[in-house]
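Containing CSV, C-alpha atoms (C1' of nucleotides): work33.csv.
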chain,number,residue,atom,x,y,z
A,74,MET,CA,184.2,162.4,-63.3
A,75,SER,CA,186.2,159.6,-65.1
A,76,GLY,CA,183.9,156.7,-64.5
A,77,LYS,CA,186.7,154.3,-64.0
A,78,PRO,CA,186.2,151.9,-61.1
A,79,LEU,CA,188.6,152.0,-58.2
A,80,SER,CA,191.7,150.0,-58.7
A,81,PRO,CA,192.5,147.2,-56.1
A,82,GLN,CA,195.1,149.5,-54.8
A,83,GLU,CA,192.7,152.4,-54.3
A,84,LEU,CA,190.2,150.1,-52.7
A,85,ARG,CA,192.8,149.0,-50.2
A,86,ILE,CA,193.5,152.6,-49.3
A,87,TRP,CA,189.8,153.3,-48.9
A,88,HIS,CA,189.4,150.2,-46.7
A,89,ALA,CA,192.3,151.1,-44.6
A,90,PHE,CA,191.1,154.6,-44.1
A,91,LYS,CA,187.6,153.4,-43.1
A,92,MET,CA,188.9,150.9,-40.6
A,93,MET,CA,191.3,153.2,-39.0
A,94,GLY,CA,188.7,155.5,-37.7
A,95,GLU,CA,186.1,153.0,-36.8
A,96,ASP,CA,188.4,150.7,-34.9
A,97,VAL,CA,189.8,153.3,-32.6
A,98,LEU,CA,186.5,155.2,-32.1
A,99,GLU,CA,184.8,152.0,-31.1
A,100,ARG,CA,187.5,151.0,-28.7
A,101,VAL,CA,187.6,154.3,-26.9
A,102,GLY,CA,183.8,154.4,-26.8
A,103,ARG,CA,183.7,151.0,-25.3
A,104,ASP,CA,186.3,151.7,-22.7
A,105,ILE,CA,184.3,154.7,-21.5
A,106,SER,CA,181.0,152.9,-21.6
A,107,ASP,CA,182.3,149.8,-19.8
A,108,ALA,CA,183.7,151.8,-17.0
A,109,THR,CA,181.0,154.4,-16.5
A,110,GLY,CA,177.9,153.7,-18.6
A,111,LEU,CA,178.5,156.9,-20.6
A,112,SER,CA,178.5,156.7,-24.4
A,113,GLY,CA,181.0,158.6,-26.4
A,114,ALA,CA,178.3,161.1,-27.2
A,115,ASP,CA,177.4,161.5,-23.6
A,116,PHE,CA,181.0,162.2,-22.8
A,117,GLY,CA,181.2,164.8,-25.5
A,118,VAL,CA,178.2,166.6,-24.1
A,119,LEU,CA,179.3,166.5,-20.5
A,120,SER,CA,182.8,167.6,-21.1
A,121,ARG,CA,181.8,170.5,-23.3
A,122,LEU,CA,179.3,171.6,-20.7
A,123,ALA,CA,182.0,171.5,-18.0
A,124,ASP,CA,184.9,173.0,-20.0
A,125,LEU,CA,183.4,175.5,-22.3
A,126,GLY,CA,180.4,176.5,-20.2
A,127,LYS,CA,181.4,176.2,-16.6
A,128,GLY,CA,178.6,173.7,-16.2
A,129,GLN,CA,175.9,175.4,-18.2
A,130,MET,CA,175.4,176.4,-21.8
A,131,ARG,CA,172.7,177.3,-24.3
A,132,GLN,CA,171.5,174.4,-26.3
A,133,GLN,CA,172.4,175.9,-29.6
A,134,VAL,CA,176.0,176.8,-28.6
A,135,LEU,CA,176.4,173.2,-27.4
A,136,ALA,CA,175.1,171.9,-30.6
A,137,GLN,CA,177.5,174.0,-32.5
A,138,SER,CA,180.5,172.9,-30.6
A,139,LEU,CA,179.5,169.2,-31.0
A,140,GLY,CA,178.8,169.6,-34.7
A,141,TRP,CA,175.3,168.3,-34.2
A,142,ASP,CA,172.0,169.6,-35.4
A,143,LYS,CA,169.5,170.9,-32.9
A,144,SER,CA,167.2,168.0,-33.3
A,145,ARG,CA,169.8,165.4,-32.5
A,146,LEU,CA,170.9,167.4,-29.5
A,147,SER,CA,167.4,167.8,-28.3
A,148,HIS,CA,166.7,164.1,-28.5
A,149,HIS,CA,169.9,163.2,-26.8
A,150,LEU,CA,169.4,165.7,-24.0
A,151,THR,CA,166.0,164.3,-23.3
A,152,ARG,CA,167.5,160.9,-22.8
A,153,MET,CA,170.4,162.3,-20.7
A,154,GLN,CA,167.9,164.3,-18.6
A,155,GLN,CA,166.0,161.1,-17.9
A,156,ARG,CA,169.2,159.6,-16.6
A,157,GLN,CA,169.7,162.8,-14.5
A,158,LEU,CA,173.0,163.7,-16.2
A,159,ILE,CA,171.8,167.1,-17.1
A,160,GLU,CA,168.9,169.5,-16.4
A,161,ARG,CA,167.1,172.0,-18.7
A,162,GLN,CA,166.3,175.4,-17.3
A,163,GLU,CA,164.3,178.0,-19.2
A,164,ALA,CA,166.3,181.2,-18.8
A,165,ASP,CA,164.0,183.7,-20.3
A,166,GLN,CA,161.4,182.1,-22.5
A,167,ARG,CA,162.8,181.0,-25.8
A,168,VAL,CA,166.3,180.2,-24.4
A,169,VAL,CA,167.0,176.9,-22.7
A,170,LEU,CA,170.0,176.5,-20.5
A,171,VAL,CA,171.5,173.0,-20.3
A,172,VAL,CA,172.9,172.5,-16.8
A,173,LEU,CA,175.3,169.8,-15.6
A,174,THR,CA,173.9,168.0,-12.6
A,175,LYS,CA,175.9,166.6,-9.6
A,176,GLN,CA,175.5,163.2,-11.0
A,177,GLY,CA,176.6,164.3,-14.5
A,178,LYS,CA,179.7,166.0,-13.1
A,179,ALA,CA,180.5,162.9,-11.1
A,180,LYS,CA,180.2,160.6,-14.1
A,181,LEU,CA,182.2,163.0,-16.1
A,182,ASP,CA,185.0,163.1,-13.6
A,183,ALA,CA,185.0,159.3,-13.5
A,184,ALA,CA,185.2,159.1,-17.2
A,185,ARG,CA,187.9,161.5,-17.9
A,186,PRO,CA,190.9,159.4,-16.8
A,187,ILE,CA,189.5,156.4,-18.7
A,188,HIS,CA,189.1,158.5,-21.8
A,189,ALA,CA,192.6,159.9,-21.5
A,190,GLU,CA,194.2,156.5,-20.9
A,191,SER,CA,192.2,154.9,-23.7
A,192,ILE,CA,193.3,157.5,-26.2
A,193,ARG,CA,196.9,157.1,-25.2
A,194,ARG,CA,196.7,153.3,-25.4
A,195,ASN,CA,194.7,153.0,-28.6
A,196,LEU,CA,196.1,155.9,-30.5
A,197,LEU,CA,198.9,158.1,-29.3
A,198,ALA,CA,201.2,155.3,-28.0
A,199,ARG,CA,201.0,153.4,-31.2
A,200,LEU,CA,202.2,156.1,-33.5
A,201,SER,CA,205.4,157.9,-34.1
A,202,GLN,CA,205.6,161.7,-33.8
A,203,GLN,CA,205.9,161.9,-37.6
A,204,GLN,CA,202.8,159.9,-38.1
A,205,ILE,CA,200.9,162.0,-35.6
A,206,GLU,CA,201.9,165.1,-37.4
A,207,THR,CA,200.7,163.7,-40.7
A,208,ILE,CA,197.4,162.7,-39.2
A,209,VAL,CA,196.8,166.3,-38.0
A,210,ARG,CA,197.8,167.7,-41.3
A,211,VAL,CA,195.7,165.2,-43.2
A,212,SER,CA,192.7,165.9,-41.0
A,213,ASN,CA,192.9,169.6,-41.8
A,214,LEU,CA,193.2,168.9,-45.5
A,215,LEU,CA,190.2,166.6,-45.5
A,216,GLY,CA,188.1,168.9,-43.3
A,217,GLU,CA,188.1,171.7,-45.8
A,218,ASP,CA,184.9,172.2,-47.6
A,219,VAL,CA,185.5,171.1,-51.1
B,229,MET,CA,198.2,154.0,-15.4
B,230,SER,CA,199.1,157.7,-15.2
B,231,GLY,CA,195.9,159.5,-14.4
B,232,LYS,CA,197.0,162.6,-16.1
B,233,PRO,CA,194.4,164.4,-18.2
B,234,LEU,CA,195.1,164.9,-21.9
B,235,SER,CA,197.1,168.0,-22.7
B,236,PRO,CA,195.6,170.5,-25.1
B,237,GLN,CA,198.0,169.3,-27.7
B,238,GLU,CA,196.8,165.7,-27.2
B,239,LEU,CA,193.2,166.8,-27.3
B,240,ARG,CA,193.8,168.5,-30.6
B,241,ILE,CA,195.3,165.3,-32.0
B,242,TRP,CA,192.3,163.3,-30.8
B,243,HIS,CA,189.9,165.8,-32.2
B,244,ALA,CA,191.7,165.9,-35.6
B,245,PHE,CA,191.7,162.1,-35.7
B,246,LYS,CA,188.0,161.8,-34.9
B,247,MET,CA,186.9,164.4,-37.5
B,248,MET,CA,189.1,163.0,-40.2
B,249,GLY,CA,187.2,159.7,-40.4
B,250,GLU,CA,183.7,161.1,-39.7
B,251,ASP,CA,183.9,163.9,-42.3
B,252,VAL,CA,184.9,161.7,-45.2
B,253,LEU,CA,182.7,158.8,-44.4
B,254,GLU,CA,179.7,161.0,-44.2
B,255,ARG,CA,180.4,162.7,-47.5
B,256,VAL,CA,180.9,159.6,-49.4
B,257,GLY,CA,177.8,158.1,-47.8
B,258,ARG,CA,175.8,161.1,-48.6
B,259,ASP,CA,177.0,161.1,-52.2
B,260,ILE,CA,175.9,157.6,-52.7
B,261,SER,CA,172.7,158.0,-51.0
B,262,ASP,CA,171.7,161.2,-52.8
B,263,ALA,CA,172.4,159.6,-56.1
B,264,THR,CA,170.9,156.2,-55.6
B,265,GLY,CA,169.0,155.9,-52.3
B,266,LEU,CA,171.5,153.3,-51.1
B,267,SER,CA,173.2,153.8,-47.7
B,268,GLY,CA,176.9,153.1,-47.3
B,269,ALA,CA,175.8,149.9,-45.5
B,270,ASP,CA,173.6,148.9,-48.4
B,271,PHE,CA,176.5,149.5,-50.8
B,272,GLY,CA,178.8,147.3,-48.7
B,273,VAL,CA,176.3,144.4,-48.7
B,274,LEU,CA,175.6,144.6,-52.4
B,275,SER,CA,179.2,145.0,-53.6
B,276,ARG,CA,180.3,142.1,-51.5
B,277,LEU,CA,177.5,140.0,-52.8
B,278,ALA,CA,178.4,140.8,-56.4
B,279,ASP,CA,182.2,140.6,-56.1
B,280,LEU,CA,182.9,138.0,-53.6
B,281,GLY,CA,180.0,135.7,-54.2
B,282,LYS,CA,179.0,136.1,-57.9
B,283,GLY,CA,175.6,137.4,-56.7
B,284,GLN,CA,174.9,135.0,-53.9
B,285,MET,CA,176.4,134.2,-50.6
B,286,ARG,CA,175.7,132.6,-47.3
B,287,GLN,CA,174.7,135.0,-44.6
B,288,GLN,CA,177.4,134.2,-42.2
B,289,VAL,CA,180.2,134.6,-44.8
B,290,LEU,CA,178.7,137.9,-45.7
B,291,ALA,CA,178.6,139.0,-42.1
B,292,GLN,CA,182.2,138.0,-41.7
B,293,SER,CA,183.4,140.0,-44.7
B,294,LEU,CA,181.5,143.0,-43.5
B,295,GLY,CA,182.7,142.7,-39.9
B,296,TRP,CA,179.1,142.7,-38.7
B,297,ASP,CA,177.5,140.4,-36.3
B,298,LYS,CA,174.8,138.1,-37.4
B,299,SER,CA,172.0,140.0,-35.8
B,300,ARG,CA,172.9,143.2,-37.4
B,301,LEU,CA,173.1,141.6,-40.8
B,302,SER,CA,169.8,139.8,-40.3
B,303,HIS,CA,168.0,143.0,-39.5
B,304,HIS,CA,169.6,144.8,-42.4
B,305,LEU,CA,168.8,142.1,-44.8
B,306,THR,CA,165.2,142.1,-43.7
B,307,ARG,CA,165.0,145.8,-44.6
B,308,MET,CA,166.9,145.3,-47.9
B,309,GLN,CA,164.6,142.4,-48.7
B,310,GLN,CA,161.6,144.7,-48.3
B,311,ARG,CA,163.1,147.1,-50.8
B,312,GLN,CA,163.7,144.2,-53.1
B,313,LEU,CA,167.5,144.7,-53.2
B,314,ILE,CA,168.1,141.1,-52.2
B,315,GLU,CA,166.3,137.8,-51.7
B,316,ARG,CA,166.7,135.0,-49.2
B,317,GLN,CA,166.7,131.4,-50.3
B,318,GLU,CA,166.8,128.5,-48.0
B,319,ALA,CA,169.4,126.2,-49.6
B,320,ASP,CA,169.0,123.2,-47.4
B,321,GLN,CA,167.3,123.9,-44.1
B,322,ARG,CA,169.6,125.7,-41.8
B,323,VAL,CA,171.6,127.5,-44.5
B,324,VAL,CA,170.2,130.7,-46.0
B,325,LEU,CA,171.5,132.0,-49.3
B,326,VAL,CA,171.4,135.8,-49.8
B,327,VAL,CA,170.8,136.5,-53.5
B,328,LEU,CA,171.2,139.7,-55.4
B,329,THR,CA,168.1,140.7,-57.2
B,330,LYS,CA,167.9,142.4,-60.6
B,331,GLN,CA,167.0,145.6,-58.9
B,332,GLY,CA,169.8,145.2,-56.4
B,333,LYS,CA,172.3,144.7,-59.2
B,334,ALA,CA,171.0,147.7,-61.0
B,335,LYS,CA,171.3,150.0,-58.0
B,336,LEU,CA,174.8,148.7,-57.3
B,337,ASP,CA,175.9,149.4,-60.9
B,338,ALA,CA,174.5,152.9,-60.6
B,339,ALA,CA,176.3,153.4,-57.3
B,340,ARG,CA,179.7,152.2,-58.2
B,341,PRO,CA,180.9,155.1,-60.3
B,342,ILE,CA,179.5,157.6,-57.7
B,343,HIS,CA,181.3,155.7,-55.0
B,344,ALA,CA,184.6,155.7,-56.9
B,345,GLU,CA,184.3,159.4,-57.8
B,346,SER,CA,183.4,160.4,-54.3
B,347,ILE,CA,186.4,158.6,-52.8
B,348,ARG,CA,188.7,160.2,-55.3
B,349,ARG,CA,187.3,163.6,-54.7
B,350,ASN,CA,187.0,163.5,-51.0
B,351,LEU,CA,190.1,161.5,-50.1
B,352,LEU,CA,192.6,160.4,-52.8
B,353,ALA,CA,192.8,163.6,-54.7
B,354,ARG,CA,193.4,165.7,-51.6
B,355,LEU,CA,196.4,163.8,-50.3
B,356,SER,CA,200.0,163.3,-51.4
B,357,GLN,CA,201.4,159.9,-52.1
B,358,GLN,CA,203.4,160.2,-48.9
B,359,GLN,CA,200.4,160.9,-46.9
B,360,ILE,CA,198.5,158.1,-48.3
B,361,GLU,CA,201.3,155.7,-47.5
B,362,THR,CA,201.3,156.9,-44.0
B,363,ILE,CA,197.5,156.4,-43.7
B,364,VAL,CA,197.8,152.8,-44.8
B,365,ARG,CA,200.7,152.2,-42.4
B,366,VAL,CA,198.9,153.9,-39.5
B,367,SER,CA,195.7,151.9,-40.2
B,368,ASN,CA,197.6,148.7,-40.0
B,369,LEU,CA,199.2,149.8,-36.7
B,370,LEU,CA,195.9,150.8,-35.2
B,371,GLY,CA,194.1,147.7,-36.4
B,372,GLU,CA,196.3,145.3,-34.5
B,373,ASP,CA,194.7,143.9,-31.4
B,374,VAL,CA,196.3,145.5,-28.4
C,188,DG,C1',169.7,106.9,-27.5
C,189,DC,C1',170.3,111.2,-25.6
C,190,DA,C1',172.9,115.0,-23.2
C,191,DG,C1',175.4,118.6,-24.4
C,192,DC,C1',178.0,121.8,-27.4
C,193,DT,C1',178.5,124.4,-31.5
C,194,DT,C1',176.7,126.7,-35.6
C,195,DG,C1',173.4,129.6,-38.5
C,196,DG,C1',169.9,132.4,-38.1
C,197,DT,C1',165.7,135.2,-36.1
C,198,DT,C1',163.5,138.2,-33.0
C,199,DG,C1',162.4,141.9,-29.4
C,200,DT,C1',163.9,145.8,-27.1
C,201,DC,C1',165.8,149.9,-26.6
C,202,DG,C1',169.1,153.7,-27.5
C,203,DC,C1',170.6,156.5,-31.4
C,204,DG,C1',170.3,159.8,-35.6
C,205,DT,C1',168.0,162.1,-39.6
C,206,DC,C1',164.4,164.3,-41.6
C,207,DA,C1',160.5,167.1,-41.9
C,208,DA,C1',156.9,169.4,-39.6
C,209,DC,C1',155.8,172.2,-36.1
C,210,DC,C1',155.5,176.0,-32.3
C,211,DA,C1',157.0,180.3,-30.2
C,212,DC,C1',159.3,184.3,-30.1
C,213,DT,C1',162.0,188.3,-32.3
C,214,DC,C1',163.1,191.6,-35.6
C,215,DG,C1',163.0,194.4,-39.9
C,216,DG,C1',160.2,196.7,-43.3
C,217,DC,C1',156.2,198.7,-45.0
D,37,DG,C1',149.9,197.9,-37.0
D,38,DC,C1',151.1,193.7,-39.4
D,39,DC,C1',153.5,190.5,-42.5
D,40,DG,C1',157.3,187.8,-43.4
D,41,DA,C1',161.7,185.9,-42.3
D,42,DG,C1',164.9,184.2,-39.2
D,43,DT,C1',166.1,181.8,-34.7
D,44,DG,C1',165.7,178.4,-30.8
D,45,DG,C1',163.8,174.5,-29.7
D,46,DT,C1',160.5,170.1,-29.7
D,47,DT,C1',158.2,166.3,-31.6
D,48,DG,C1',157.0,162.0,-34.4
D,49,DA,C1',158.3,158.7,-37.6
D,50,DC,C1',161.4,155.7,-39.2
D,51,DG,C1',165.8,153.4,-40.3
D,52,DC,C1',169.8,151.7,-37.9
D,53,DG,C1',172.8,148.9,-34.4
D,54,DA,C1',173.9,146.4,-30.0
D,55,DC,C1',172.6,143.1,-27.0
D,56,DA,C1',170.5,139.2,-25.3
D,57,DA,C1',167.3,135.6,-25.7
D,58,DC,C1',165.8,132.2,-28.5
D,59,DC,C1',165.1,128.3,-32.0
D,60,DA,C1',166.7,124.7,-35.0
D,61,DA,C1',170.1,121.4,-36.9
D,62,DG,C1',174.0,118.9,-36.7
D,63,DC,C1',178.2,116.8,-34.0
D,64,DT,C1',180.2,114.9,-30.5
D,65,DG,C1',180.8,111.3,-26.5
D,66,DC,C1',179.1,108.3,-23.4
Please go through the file and, once you have read it, give me the structure as structure tokens.
Amino acid sequence: MSGKPLSPQELRIWHAFKMMGEDVLERVGRDISDATGLSGADFGVLSRLADLGKGQMRQQVLAQSLGWDKSRLSHHLTRMQQRQLIERQEADQRVVLVVLTKQGKAKLDAARPIHAESIRRNLLARLSQQQIETIVRVSNLLGEDV
Amino acid sequence: MSGKPLSPQELRIWHAFKMMGEDVLERVGRDISDATGLSGADFGVLSRLADLGKGQMRQQVLAQSLGWDKSRLSHHLTRMQQRQLIERQEADQRVVLVVLTKQGKAKLDAARPIHAESIRRNLLARLSQQQIETIVRVSNLLGEDV
DNA sequence: GCAGCTTGGTTGTCGCGTCAACCACTCGGC
DNA sequence: GCCGAGTGGTTGACGCGACAACCAAGCTGC
């Protein structure tokens, strides 16, 4: 409410906060992509498919677990399908099953160690236990709906 | 490196970290956009133009201060130019000056208080002083190049 | 002079993400 | 029966972003 502009101090905090996420996300994404050709988004889809769904899952459940809307997922799956990472099967009409292909599984398996290593190098190894705990706590605070 | 997969604990940390940034960025961006039609990127361009350059700046300097590459900026400016938020003036050949238009300035002035309020509500007000200090420290740690 | 590098910027292409419109099916009520 | 609402998904349009190729201009050095 108070229309006061942000102080230089507040601006610094905001800037730091923005950079923190973007930097790390970008590095991890790039590591995966350089090594396997998968984007961070691809990796998210494939790993949920494998871990939560034993290789197959309904689109909407997948969307839910990614925090994506159905349109975004539909577009993304179309592209992944063209690259043979997944298939779509109509279970009964109306329900579409997303199925991990051999190739998708292979790429995922190739990407997992890269992903893990990158997260350790770019995030976990750089922070103290204290700091990590604060991150988790802060994330929960900020994730609450107003 | 150790090929070990991430533990559930490590995964939770990673997930928390990812969400933290995405949530808040998205909320602030949406607040600005709902109120003024400017994207977060537009706001960044306009505010740098106004604050760092007294309303005009060379493209490359602008790109530098945004952390964007020249191509991205060029594309974005083309779109902003079509919406009359900025103009491009060739100073001497070879150098292009980006100039804030009246409309751009007006939009920026409208957006500033929204931006400030949104950051306070979605970030600053939710955290303790301790936590904020940790964020800033962590951001610096993570921003260092390897 | 001119070959070659660097600098400042534009352009095309293509993957990504949002929004709104749409289709098809199911279910509840009347 | 049918009408309306909700659910699961697709589609098209359009802005955005990364990348690579390109076009000047200017700056060496010979």
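Using only C-alpha atoms (C1' of nucleotides), the protein and nucleic acid residues lying no more than 8 Å from segment 41-58 of chain D, apart from those fewer than 2 places from it along its own chain, are Gln133, Lys143, Ser144, Ser147, Arg167 and Val168 of chain A; Arg300 of chain B; DT198 and DC209 of chain C.
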Taking only C-alpha atoms (C1' of nucleotides) into account, find every residue of chain B that has an atom no more than 12 Å from chain D, and write it out as an mmCIF file with C-alpha atoms, in the frame of the given file.
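In the end it all went to part.cif:
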data_model
loop_
_atom_site.group_PDB
_atom_site.id
_atom_site.type_symbol
_atom_site.label_atom_id
_atom_site.label_comp_id
_atom_site.auth_asym_id
_atom_site.auth_seq_id
_atom_site.Cartn_x
_atom_site.Cartn_y
_atom_site.Cartn_z
ATOM 1 C CA SER B 267 173.200 153.800 -47.700
ATOM 2 C CA GLY B 268 176.900 153.100 -47.300
ATOM 3 C CA ALA B 269 175.800 149.900 -45.500
ATOM 4 C CA ASP B 270 173.600 148.900 -48.400
ATOM 5 C CA TRP B 296 179.100 142.700 -38.700
ATOM 6 C CA ASP B 297 177.500 140.400 -36.300
ATOM 7 C CA LYS B 298 174.800 138.100 -37.400
ATOM 8 C CA SER B 299 172.000 140.000 -35.800
ATOM 9 C CA ARG B 300 172.900 143.200 -37.400
ATOM 10 C CA LEU B 301 173.100 141.600 -40.800
ATOM 11 C CA SER B 302 169.800 139.800 -40.300
ATOM 12 C CA HIS B 303 168.000 143.000 -39.500
ATOM 13 C CA HIS B 304 169.600 144.800 -42.400
ATOM 14 C CA LEU B 305 168.800 142.100 -44.800
ATOM 15 C CA THR B 306 165.200 142.100 -43.700
ATOM 16 C CA ARG B 307 165.000 145.800 -44.600
ATOM 17 C CA MET B 308 166.900 145.300 -47.900
ATOM 18 C CA ASP B 320 169.000 123.200 -47.400
ATOM 19 C CA GLN B 321 167.300 123.900 -44.100
ATOM 20 C CA ARG B 322 169.600 125.700 -41.800
ATOM 21 C CA VAL B 323 171.600 127.500 -44.500
#
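Atom to atom, atom CA of Lys77 of chain A and atom CA of Arg340 of chain B stand 9.3 Å apart.
The residue set within 9 Å of segment 348-362 of chain B, counting only C-alpha atoms (C1' of nucleotides) and dropping same-chain residues fewer than 6 places from it, reads Leu79, Glu83, Ile86, Trp87, Gln204, Thr207, Ile208, Val211, Leu214, Leu215 and Val219 of chain A; Val252, Arg255 and Val256 of chain B.
If we count only C-alpha atoms (C1' of nucleotides), these residues of chain C sit within 10 Å of chain A: DG202, DC203, DG204, DT205, DC206, DA211, DC212 and DT213 of chain C.
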Output C-alpha atoms (C1' of nucleotides) of each residue in that selection to a file, as an mmCIF file, in the frame of the given file.
data_model
loop_
_atom_site.group_PDB
_atom_site.id
_atom_site.type_symbol
_atom_site.label_atom_id
_atom_site.label_comp_id
_atom_site.auth_asym_id
_atom_site.auth_seq_id
_atom_site.Cartn_x
_atom_site.Cartn_y
_atom_site.Cartn_z
ATOM 1 C "C1'" DG C 202 169.100 153.700 -27.500
ATOM 2 C "C1'" DC C 203 170.600 156.500 -31.400
ATOM 3 C "C1'" DG C 204 170.300 159.800 -35.600
ATOM 4 C "C1'" DT C 205 168.000 162.100 -39.600
ATOM 5 C "C1'" DC C 206 164.400 164.300 -41.600
ATOM 6 C "C1'" DA C 211 157.000 180.300 -30.200
ATOM 7 C "C1'" DC C 212 159.300 184.300 -30.100
ATOM 8 C "C1'" DT C 213 162.000 188.300 -32.300
#
*Find the spatial neighbours of Asp279 of chain B, counting only C-alpha atoms (C1' of nucleotides), within a cut-off of 12 Å - ignore same-chain residues fewer than 5 positions away - and output them as an NGL selection string.*
:B and (271-274 or 284-285 or 290 or 293 or 328 or 333 or 336-337)
*Any idea which chain A residues end up within 6 Å of chain B if we count only C-alpha atoms, as a VMD selection string please?*
chain A and resid 76 78 to 79 89 93 to 94 186 189 209 212
Could you save the residues just selected, with C-alpha atoms, as a PDB file, in the coordinates of the input?
ATOM      1  CA  GLY A  76     183.900 156.700 -64.500  1.00  0.00           C
ATOM      2  CA  PRO A  78     186.200 151.900 -61.100  1.00  0.00           C
ATOM      3  CA  LEU A  79     188.600 152.000 -58.200  1.00  0.00           C
ATOM      4  CA  ALA A  89     192.300 151.100 -44.600  1.00  0.00           C
ATOM      5  CA  MET A  93     191.300 153.200 -39.000  1.00  0.00           C
ATOM      6  CA  GLY A  94     188.700 155.500 -37.700  1.00  0.00           C
ATOM      7  CA  PRO A 186     190.900 159.400 -16.800  1.00  0.00           C
ATOM      8  CA  ALA A 189     192.600 159.900 -21.500  1.00  0.00           C
ATOM      9  CA  VAL A 209     196.800 166.300 -38.000  1.00  0.00           C
ATOM     10  CA  SER A 212     192.700 165.900 -41.000  1.00  0.00           C
TER      11      SER A 212
END
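Going from atom CA of Gln154 of chain A to atom CA of Lys180 of chain A covers 13.6 Å.
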*Can you work out the spacing between atom CA of Gln132 of chain A and atom CA of Val171 of chain A in Å, to one decimal?*
6.2 Å
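Remark: for DG195 of chain C, the closest of the candidate residues B:Gln331, B:Ala339, B:Arg311, B:Arg286 is B:Arg286 (distances computed over all atoms listed in the file).
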